[in-house]
Amino acid sequence: MSNNTSKTVTRTRERWLKARLDGRRGVLRAAVAAGLLDAPLILLQAWLLADVISSVVIDGQGLDALAYPLAGLLGVFGARAVVGALRSVLSFELAARAKQELRRDLFAHLIALGPAWARAARSGQAAHLVADAIESMDRYYRDYLPQVALAAALPLIMLVVIFPSDWVSGVILCVTAPIVPFFMVLIGKGTEALNQRQWRRLARMSGHFFDAIEGLTTLRLFGAAQREIAVVADMSARYRRDTLAILRLAFVSSLILEFVVTLSIAMVAVYIGFRLYYGEMSFLPGLFVLLVAPEFYRPLRDMGSQYHARMEALGAAEGLVAMLDETTPAATAIGSAAPSGPAAHLRFDRVGFQHADARTPLFEDVSFELTPGRTLAVVGPSGAGKTTLAYLLLGFLAPSRGGITVDGRDLAMIADAGWFDQIAWVPQTPTLFDGTIADNIRLGCPTADASALHEAARRARADGFIKALPHGYDTPVADRGEGLSGGQIQRIALARAFLSDARLVVLDEPTASLDPDSETRLGDALADLARDRMVLVIAHRLDTVRRADEILVLAEGGIVERGTHKALMRADGRYARLWSLYRADEAGP
């Protein structure tokens, strides 16, 4: 990347970071105002302290004669503590609001991207952005931004008072003050590229490590666990070395800044000492200026120490901007109109879909209708687009051509909340959350009473194993259903669908984790479920679809066959061959 391009990217990211403050700039101004209140207090503190020392050392006064100046000093100390606390509270509030808003926007965007995006994305990278990247913004908003304004204003306020007391010291301070930000920027340029590269590496490492943890069982089954451990160890070692290199630069930059400031204060002290020696100025103003000099450089030093917070925030912003720039299919597929009522008719009209990075459509001219009491099954080889068809129906994806209508209205015009209220979706791998089994079944209907809950579980063939658990429906369940079998998790998800008053039920391989006996009994339950609802079933285990009112065979970019199980078997076509292969697999060797 060229130097000009790098500068443009940096400016763009910094504008993006500052734009996150829209609506909260009042808090930033209040934090800066609180910091500016410290300037007159610093000057008053220095003057009172210089006056006390001058009175004792030069004038020979006792402490009893200095009661008022000493009381004033105590008051200034208390006022500075209050001002510092106020500024800290306001700065914390600014950072907390900015992070909260950013995290909310990121979560909303991830939800809008939908499951279709999540299946292809690295979950570890998203977790890294939500946690580490957003938290790295804290010091930028809390410390750096207010300090930039204070570094520009506080020294100027002090110079207004210093020049009348000692114009020579004022000139020295004016000449040496720009050296601090100059070195800060000079060293910051060297660390900027390293910081951004380190954030990219951390994102990749987080994603890789998270994915490795998720696939740990598979790695162990294939004997690849030790190899993966070596890969993670190598990535960690490289990350550690690069982090230490950045820290080394940070320590060197801090040392240089401290050296420059110390040298500047020493110059002021030497000039004041010589002028006192030759009688060119009195002791009180000289001591006052000498006490103010360190405070003059303090805002600049603080900005220098917080400059690395800016570098860190710019590095983290790269991944956040890229994530928020991801195209959201759900946002293009869902409108804002409320549903006209309970869905009674669903139609796919010559729908086609093509992935953005694909050369050819996944499928074209898919047409079918669904009405309450009707079950439609979709079968076909892997990769034919069965799950994509369900995502189109759910609104997670938008069709490339054709249209989907609900009671004659385009699905793209219906608000997501209203449409999702009418859908129950049972994916191939359902997700259970931390809580009781009853809480997980009530996920889509929190107000359901115990009798409705038990009836839903009974119809889903889950009531028996739930009652056998130590605490029945109040048995706690860990994230992802830890402690339950795959079939039990599937039946709890089906109980959710039974409990829901959804008009449309989408079942993605609902019997994938069930034994043949449970699958047979579940078929009766699905027939009950479909009695007054529209049901779409996606299945690889063809026993699931034998009772469907219509079966669509999706292959070769479209629907190649359609009909009932008996009709398709008589036709002896693609479905009959899939059935033969399925039966052969079930029979085993």
# chains A, B, ... in the order shown; residues from 1 in each chain; ligands from 1
>>> select_by_dssp(residues="segment 17-62 of chain A", states="alpha helix (DSSP H)", output="JSON, numbers by chain")
{"A": [17, 18, 19, 25, 26, 27, 28, 29, 30, 31, 32, 33, 34, 35, 36, 38, 39, 40, 41, 42, 43, 44, 45, 46, 47, 48, 49, 50, 51, 52, 53, 54, 55, 56, 57]}
>>> write_last_selection(atoms="C-alpha atoms", output="mmCIF file, in the first residue's frame")
data_model
loop_
_atom_site.group_PDB
_atom_site.id
_atom_site.type_symbol
_atom_site.label_atom_id
_atom_site.label_comp_id
_atom_site.auth_asym_id
_atom_site.auth_seq_id
_atom_site.Cartn_x
_atom_site.Cartn_y
_atom_site.Cartn_z
ATOM 1 C CA LEU A 17 -14.618 6.564 14.454
ATOM 2 C CA LYS A 18 -15.609 10.179 15.068
ATOM 3 C CA ALA A 19 -18.890 9.716 13.196
ATOM 4 C CA ARG A 25 -20.901 15.125 21.124
ATOM 5 C CA GLY A 26 -22.551 16.947 24.012
ATOM 6 C CA VAL A 27 -20.997 14.431 26.416
ATOM 7 C CA LEU A 28 -17.604 14.936 24.733
ATOM 8 C CA ARG A 29 -17.906 18.719 25.066
ATOM 9 C CA ALA A 30 -18.896 18.330 28.729
ATOM 10 C CA ALA A 31 -15.841 16.119 29.381
ATOM 11 C CA VAL A 32 -13.578 18.676 27.689
ATOM 12 C CA ALA A 33 -15.216 21.526 29.623
ATOM 13 C CA ALA A 34 -14.585 19.659 32.874
ATOM 14 C CA GLY A 35 -10.954 19.262 31.865
ATOM 15 C CA LEU A 36 -10.675 22.979 31.041
ATOM 16 C CA ASP A 38 -8.625 22.349 35.735
ATOM 17 C CA ALA A 39 -6.548 25.120 34.091
ATOM 18 C CA PRO A 40 -7.464 28.007 36.449
ATOM 19 C CA LEU A 41 -7.220 25.606 39.382
ATOM 20 C CA ILE A 42 -3.689 24.577 38.317
ATOM 21 C CA LEU A 43 -2.648 28.228 38.022
ATOM 22 C CA LEU A 44 -4.212 29.125 41.363
ATOM 23 C CA GLN A 45 -2.568 26.114 43.010
ATOM 24 C CA ALA A 46 0.852 27.075 41.615
ATOM 25 C CA TRP A 47 0.464 30.710 42.702
ATOM 26 C CA LEU A 48 -0.668 29.811 46.238
ATOM 27 C CA LEU A 49 2.141 27.283 46.622
ATOM 28 C CA ALA A 50 4.715 29.770 45.305
ATOM 29 C CA ASP A 51 3.316 32.441 47.638
ATOM 30 C CA VAL A 52 3.559 30.135 50.675
ATOM 31 C CA ILE A 53 7.145 29.117 49.860
ATOM 32 C CA SER A 54 8.162 32.711 49.116
ATOM 33 C CA SER A 55 6.605 33.941 52.372
ATOM 34 C CA VAL A 56 8.388 31.289 54.449
ATOM 35 C CA VAL A 57 11.778 31.212 52.686
#
>>> residues_around(residues="segment 162-169 of chain A", least_positions_apart="2", cutoff="12 Å", atoms="only C-alpha atoms", output="JSON, numbers by chain")
{"A": [43, 46, 47, 155, 156, 157, 158, 159, 160, 171, 172, 173, 174, 175, 176, 177, 264, 265, 266, 267, 268, 269, 270, 271, 272, 273, 274, 275, 276, 280, 281, 282, 283, 284, 285, 286, 287, 288, 289, 290, 291, 292, 293, 295, 296]}
>>> closest_residue(among="A:Phe433, A:Glu101, A:Gln354, A:Gly464", to="Ala398 of chain A", atoms="only C-alpha atoms")
A:Gln354
>>> closest_residue(among="A:Arg238, A:Arg562, A:Arg13, A:Arg298", to="Gln147 of chain A", atoms="only C-alpha atoms")
A:Arg298
>>> atom_distance(atom1="atom CA of Asp325 of chain A", atom2="atom CA of Gly385 of chain A")
26.2 Å
>>> closest_residue(among="A:Leu552, A:His540, A:Val130, A:Ala493", to="Ala317 of chain A", atoms="only C-alpha atoms")
A:Val130
>>> closest_residue(among="A:Val366, A:Thr544, A:Leu507, A:Trp419", to="Glu561 of chain A", atoms="only C-alpha atoms")
A:Val366
>>> select_by_dssp(residues="segment 165-349 of chain A", states="strand (DSSP E or B)", output="PyMOL selection string")
chain A and resi 335+337+346-349
